[in-house]
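Chemist: Would you mind keeping the following structure in view while I ask a few things?
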Amino acid sequence: MLKRLQAQGKIRHIGLSEVNVRQVRQAQAIVPIVSVQNRYSLADRGSDDVLEYCEQAGIGFIPWFPLAAGRLSGAASPVSRVAAQLKATPSQVALAWLLARSPVMLPIPGTSKVERLEENVAAAGLNLDDKTMQELSISGERAKHA
Amino acid sequence: MRKNASSRQQRAGLAGKAGDLAIGGDLSVARLGFGAMRLTGEGIWGEPTDRPEAVRVVRRAVELGINFIDSADSYGPHVSEEIIAEALHPYPAGLVIATKGGFDRAGPNQWVENGSRSISSRRAKEACAACASIGSTSISYTASTLAFRSRTNSAC
């Protein structure tokens, strides 16, 4: 059906949501797949293998619930510490981590407030060095096992 | 950072600092997009408490250089896509809107997988109402897992 809508020119490209690597491969056998949208964040890395597959295949990876860093953003957490160092917010650090994690990563933080939107978009200008990336990645791994 | 982010004088194109991603090799978008799920009421259901602010959010997103908006017919349902249309139609060149099928909504926080119905009947056209109103704008359609499965089971 999606293939037909694409042939009719109603849709340009086809993506998938909440899939594993096997399902992406199955879909690719039918139509070109351009994006995958799975739940993913610093604190929720269950789709790391899907992300890596997407990176190899040149498929965009759209993490939903990108700011699920609640468990990581306590006052003494690495996310909060990095945020304080960079004069940023924990949410901005979580977004900057996603952007630096992979060149095919396309975060889509949502909000109903202009002020929060501006805060989120400003994360695009936040650069994390390798050491900081590593520190944050490890903290995310620890939270997963906590 | 937060203070700077709130500045109305901020130059357009800030989202572009995240770099670009060429979706499907031909749709180049800033690698920081906007998710429209929160444009609805509580439980991703009905009208938002402040609709004019929701419309402003979508317009401001584009001003800041965002050109990838993710939505679904099931957000509201339909509310997020109506707000996108109200805020941005006629759509600027280069804007990419992704939408999804695969769920029916019975009430706040209720998500019922609708399987093949969303892609094998007229509901698909309803689900793609945003596509129909978009005209020249490029659309990428994000199928749910279930929609994909049912598609493989059907003859289309």
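Ligands are numbered from 1 in the order shown, residues from 1 within each chain, and chains are lettered A, B, ... in the order they appear in the structure tokens.
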Among chain A, which ones does DSSP assign to strand (DSSP E) (computed from the backbone)? Answer as a list of chain:residue names.
Modeler: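 So the strand (DSSP E) residues in chain A would be A:His13, A:Ile14, A:Gly15, A:Leu16, A:Ser17, A:Ile33, A:Val34, A:Ser35, A:Val36, A:Gln37, A:Asn38, A:Arg39, A:Gly60, A:Phe61, A:Ile62, A:Pro63, A:Trp64.
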Chemist: Stretch 80-83 of chain B: which residues within 12 Å, counting only C-alpha atoms, same-chain residues fewer than 6 positions away excluded, as a VMD selection string?
Modeler: (chain A and resid 110 to 112) or (chain B and resid 34 to 41 44 to 48 50 to 59 69 to 74 89 97 to 100 126 to 134)
Chemist: Those same residues - C-alpha atoms - I'd like them written as an mmCIF file, in the first residue's frame.
Modeler:
```
data_model
loop_
_atom_site.group_PDB
_atom_site.id
_atom_site.type_symbol
_atom_site.label_atom_id
_atom_site.label_comp_id
_atom_site.auth_asym_id
_atom_site.auth_seq_id
_atom_site.Cartn_x
_atom_site.Cartn_y
_atom_site.Cartn_z
ATOM 1 C CA GLY A 110 8.858 18.357 20.609
ATOM 2 C CA THR A 111 7.257 20.976 22.806
ATOM 3 C CA SER A 112 4.221 23.216 22.967
ATOM 4 C CA PHE B 34 10.723 19.124 15.361
ATOM 5 C CA GLY B 35 8.364 16.479 16.715
ATOM 6 C CA ALA B 36 4.703 17.521 16.587
ATOM 7 C CA MET B 37 3.329 15.092 19.168
ATOM 8 C CA ARG B 38 3.294 17.719 21.927
ATOM 9 C CA LEU B 39 1.143 20.127 19.932
ATOM 10 C CA THR B 40 -1.959 18.297 21.160
ATOM 11 C CA GLY B 41 -3.794 18.149 24.457
ATOM 12 C CA ILE B 44 -1.729 13.256 22.932
ATOM 13 C CA TRP B 45 -5.475 13.832 22.656
ATOM 14 C CA GLY B 46 -7.553 16.758 21.426
ATOM 15 C CA GLU B 47 -6.752 20.440 21.294
ATOM 16 C CA PRO B 48 -3.752 21.904 23.109
ATOM 17 C CA ASP B 50 -2.926 27.103 24.127
ATOM 18 C CA ARG B 51 -3.456 26.655 20.392
ATOM 19 C CA PRO B 52 -2.085 30.085 19.351
ATOM 20 C CA GLU B 53 1.155 29.227 21.187
ATOM 21 C CA ALA B 54 1.274 25.836 19.418
ATOM 22 C CA VAL B 55 0.977 27.624 16.065
ATOM 23 C CA ARG B 56 3.737 30.041 17.122
ATOM 24 C CA VAL B 57 5.966 27.106 18.078
ATOM 25 C CA VAL B 58 5.694 25.599 14.593
ATOM 26 C CA ARG B 59 6.360 28.944 12.879
ATOM 27 C CA ILE B 69 8.746 18.067 11.035
ATOM 28 C CA ASP B 70 7.632 14.682 12.320
ATOM 29 C CA SER B 71 3.928 14.040 12.832
ATOM 30 C CA ALA B 72 1.247 11.331 12.715
ATOM 31 C CA ASP B 73 -2.467 11.291 12.010
ATOM 32 C CA SER B 74 -2.860 9.689 15.442
ATOM 33 C CA HIS B 89 0.556 26.513 4.678
ATOM 34 C CA ILE B 97 6.966 16.585 6.773
ATOM 35 C CA ALA B 98 6.978 12.973 7.935
ATOM 36 C CA THR B 99 3.740 11.340 9.023
ATOM 37 C CA LYS B 100 2.790 7.863 10.190
ATOM 38 C CA GLU B 126 -7.396 10.134 5.757
ATOM 39 C CA ALA B 127 -4.140 9.251 7.470
ATOM 40 C CA CYS B 128 -2.336 11.011 4.702
ATOM 41 C CA ALA B 129 -4.547 14.115 4.879
ATOM 42 C CA ALA B 130 -1.417 16.129 5.552
ATOM 43 C CA CYS B 131 0.100 14.773 2.344
ATOM 44 C CA ALA B 132 -2.936 15.850 0.373
ATOM 45 C CA SER B 133 -2.813 19.392 1.681
ATOM 46 C CA ILE B 134 0.905 19.742 1.242
#
```
Chemist: For A:Tyr53, list every protein, DNA or RNA residue within 10 Å, evaluated using only C-alpha atoms, and leave out those in the same chain fewer than 4 positions away; present the list as a PDB file with N, CA and C atoms, in the first residue's frame.
Modeler:
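So result_14.pdb came out as:
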```pdb
ATOM      1  N   ASN A  20      13.440  -3.770  14.480  1.00  0.00           N
ATOM      2  CA  ASN A  20      14.789  -4.273  14.730  1.00  0.00           C
ATOM      3  C   ASN A  20      15.514  -4.395  13.384  1.00  0.00           C
ATOM      4  N   VAL A  21      16.775  -4.794  13.441  1.00  0.00           N
ATOM      5  CA  VAL A  21      17.583  -4.842  12.221  1.00  0.00           C
ATOM      6  C   VAL A  21      16.974  -5.815  11.204  1.00  0.00           C
ATOM      7  N   VAL A  24      14.148  -4.184   9.391  1.00  0.00           N
ATOM      8  CA  VAL A  24      14.599  -3.180   8.422  1.00  0.00           C
ATOM      9  C   VAL A  24      15.045  -3.882   7.142  1.00  0.00           C
ATOM     10  N   ARG A  25      15.788  -4.958   7.296  1.00  0.00           N
ATOM     11  CA  ARG A  25      16.266  -5.704   6.119  1.00  0.00           C
ATOM     12  C   ARG A  25      15.080  -6.259   5.315  1.00  0.00           C
ATOM     13  N   SER A  47      18.444   0.460  21.120  1.00  0.00           N
ATOM     14  CA  SER A  47      18.477   0.374  19.657  1.00  0.00           C
ATOM     15  C   SER A  47      19.854   0.693  19.089  1.00  0.00           C
ATOM     16  N   ASP A  48      20.884   0.559  19.897  1.00  0.00           N
ATOM     17  CA  ASP A  48      22.239   0.837  19.389  1.00  0.00           C
ATOM     18  C   ASP A  48      22.552   0.027  18.131  1.00  0.00           C
ATOM     19  N   ASP A  49      22.126  -1.247  18.109  1.00  0.00           N
ATOM     20  CA  ASP A  49      22.440  -2.070  16.926  1.00  0.00           C
ATOM     21  C   ASP A  49      21.692  -1.576  15.687  1.00  0.00           C
ATOM     22  N   ALA A  57      24.028   1.780   6.418  1.00  0.00           N
ATOM     23  CA  ALA A  57      23.164   1.741   5.237  1.00  0.00           C
ATOM     24  C   ALA A  57      22.760   3.139   4.753  1.00  0.00           C
ATOM     25  N   GLY A  58      23.209   4.172   5.457  1.00  0.00           N
ATOM     26  CA  GLY A  58      22.837   5.535   5.067  1.00  0.00           C
ATOM     27  C   GLY A  58      21.364   5.827   5.292  1.00  0.00           C
ATOM     28  N   ILE A  59      20.797   5.214   6.328  1.00  0.00           N
ATOM     29  CA  ILE A  59      19.382   5.437   6.683  1.00  0.00           C
ATOM     30  C   ILE A  59      19.336   6.430   7.851  1.00  0.00           C
ATOM     31  N   PHE A  61      18.275   8.025  11.266  1.00  0.00           N
ATOM     32  CA  PHE A  61      17.781   7.432  12.513  1.00  0.00           C
ATOM     33  C   PHE A  61      17.161   8.553  13.350  1.00  0.00           C
TER      34      PHE A  61
END
```
Chemist: Report the closest atom pair, with its distance in Å rounded to one decimal, for each residue of chain A that has an atom no farther than 8 Å from chain B; count only C-alpha atoms, sort by chain and then rising residue number, and write it as JSON lines.
Modeler:
```
{"residue": "A:Met1", "atom": "CA", "partner": "B:Cys156", "partner_atom": "CA", "distance": 5.0}
{"residue": "A:Leu2", "atom": "CA", "partner": "B:Ile119", "partner_atom": "CA", "distance": 7.1}
{"residue": "A:Lys3", "atom": "CA", "partner": "B:Cys156", "partner_atom": "CA", "distance": 7.2}
{"residue": "A:Arg4", "atom": "CA", "partner": "B:Cys156", "partner_atom": "CA", "distance": 7.0}
{"residue": "A:Lys10", "atom": "CA", "partner": "B:Cys131", "partner_atom": "CA", "distance": 6.5}
{"residue": "A:Ile11", "atom": "CA", "partner": "B:Ile139", "partner_atom": "CA", "distance": 5.3}
{"residue": "A:Arg12", "atom": "CA", "partner": "B:Ile139", "partner_atom": "CA", "distance": 5.2}
{"residue": "A:His13", "atom": "CA", "partner": "B:Ser140", "partner_atom": "CA", "distance": 4.5}
{"residue": "A:Ile14", "atom": "CA", "partner": "B:Tyr141", "partner_atom": "CA", "distance": 5.0}
{"residue": "A:Gly15", "atom": "CA", "partner": "B:Thr142", "partner_atom": "CA", "distance": 4.2}
{"residue": "A:Leu16", "atom": "CA", "partner": "B:Ala143", "partner_atom": "CA", "distance": 4.9}
{"residue": "A:Ser17", "atom": "CA", "partner": "B:Ser144", "partner_atom": "CA", "distance": 4.9}
{"residue": "A:Glu18", "atom": "CA", "partner": "B:Thr145", "partner_atom": "CA", "distance": 6.1}
{"residue": "A:Val19", "atom": "CA", "partner": "B:Thr145", "partner_atom": "CA", "distance": 6.1}
{"residue": "A:Ala27", "atom": "CA", "partner": "B:Phe148", "partner_atom": "CA", "distance": 7.3}
{"residue": "A:Ile33", "atom": "CA", "partner": "B:Gly24", "partner_atom": "CA", "distance": 7.7}
{"residue": "A:Val34", "atom": "CA", "partner": "B:Gly24", "partner_atom": "CA", "distance": 4.9}
{"residue": "A:Ser35", "atom": "CA", "partner": "B:Ile23", "partner_atom": "CA", "distance": 7.3}
{"residue": "A:Val36", "atom": "CA", "partner": "B:Thr142", "partner_atom": "CA", "distance": 7.8}
{"residue": "A:Gln37", "atom": "CA", "partner": "B:Thr142", "partner_atom": "CA", "distance": 7.9}
{"residue": "A:Ile59", "atom": "CA", "partner": "B:Ile23", "partner_atom": "CA", "distance": 7.4}
{"residue": "A:Gly60", "atom": "CA", "partner": "B:Ile23", "partner_atom": "CA", "distance": 6.3}
{"residue": "A:Leu86", "atom": "CA", "partner": "B:Met1", "partner_atom": "CA", "distance": 7.9}
{"residue": "A:Lys87", "atom": "CA", "partner": "B:Met1", "partner_atom": "CA", "distance": 5.7}
{"residue": "A:Ala88", "atom": "CA", "partner": "B:Met1", "partner_atom": "CA", "distance": 5.0}
{"residue": "A:Thr89", "atom": "CA", "partner": "B:Arg2", "partner_atom": "CA", "distance": 7.0}
{"residue": "A:Leu99", "atom": "CA", "partner": "B:Ala18", "partner_atom": "CA", "distance": 6.9}
{"residue": "A:Pro103", "atom": "CA", "partner": "B:Leu21", "partner_atom": "CA", "distance": 7.6}
{"residue": "A:Val104", "atom": "CA", "partner": "B:Leu21", "partner_atom": "CA", "distance": 6.6}
{"residue": "A:Met105", "atom": "CA", "partner": "B:Arg31", "partner_atom": "CA", "distance": 7.0}
{"residue": "A:Leu106", "atom": "CA", "partner": "B:Arg31", "partner_atom": "CA", "distance": 4.9}
{"residue": "A:Pro107", "atom": "CA", "partner": "B:Leu32", "partner_atom": "CA", "distance": 5.4}
{"residue": "A:Ile108", "atom": "CA", "partner": "B:Phe34", "partner_atom": "CA", "distance": 4.4}
{"residue": "A:Pro109", "atom": "CA", "partner": "B:Gly35", "partner_atom": "CA", "distance": 5.5}
{"residue": "A:Gly110", "atom": "CA", "partner": "B:Gly35", "partner_atom": "CA", "distance": 4.4}
{"residue": "A:Thr111", "atom": "CA", "partner": "B:Arg38", "partner_atom": "CA", "distance": 5.2}
{"residue": "A:Ser112", "atom": "CA", "partner": "B:Ala54", "partner_atom": "CA", "distance": 5.3}
{"residue": "A:Lys113", "atom": "CA", "partner": "B:Val57", "partner_atom": "CA", "distance": 6.2}
{"residue": "A:Val114", "atom": "CA", "partner": "B:Val57", "partner_atom": "CA", "distance": 4.9}
{"residue": "A:Glu115", "atom": "CA", "partner": "B:Ser6", "partner_atom": "CA", "distance": 6.2}
{"residue": "A:Leu117", "atom": "CA", "partner": "B:Val57", "partner_atom": "CA", "distance": 6.9}
{"residue": "A:Glu118", "atom": "CA", "partner": "B:Ala5", "partner_atom": "CA", "distance": 5.3}
{"residue": "A:Glu119", "atom": "CA", "partner": "B:Ala5", "partner_atom": "CA", "distance": 5.2}
{"residue": "A:Val121", "atom": "CA", "partner": "B:Ala15", "partner_atom": "CA", "distance": 5.6}
{"residue": "A:Ala122", "atom": "CA", "partner": "B:Ala5", "partner_atom": "CA", "distance": 5.5}
{"residue": "A:Ala124", "atom": "CA", "partner": "B:Ala18", "partner_atom": "CA", "distance": 4.6}
{"residue": "A:Gly125", "atom": "CA", "partner": "B:Lys17", "partner_atom": "CA", "distance": 5.5}
```
Chemist: Have a look at A:Asn38, A:Gln8, A:Thr132, A:Gln23 and name the one nearest to A:Val79; count only C-alpha atoms.
Modeler: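 Going through A:Asn38, A:Gln8, A:Thr132, A:Gln23 one by one, the smallest distance to A:Val79 is for A:Thr132.
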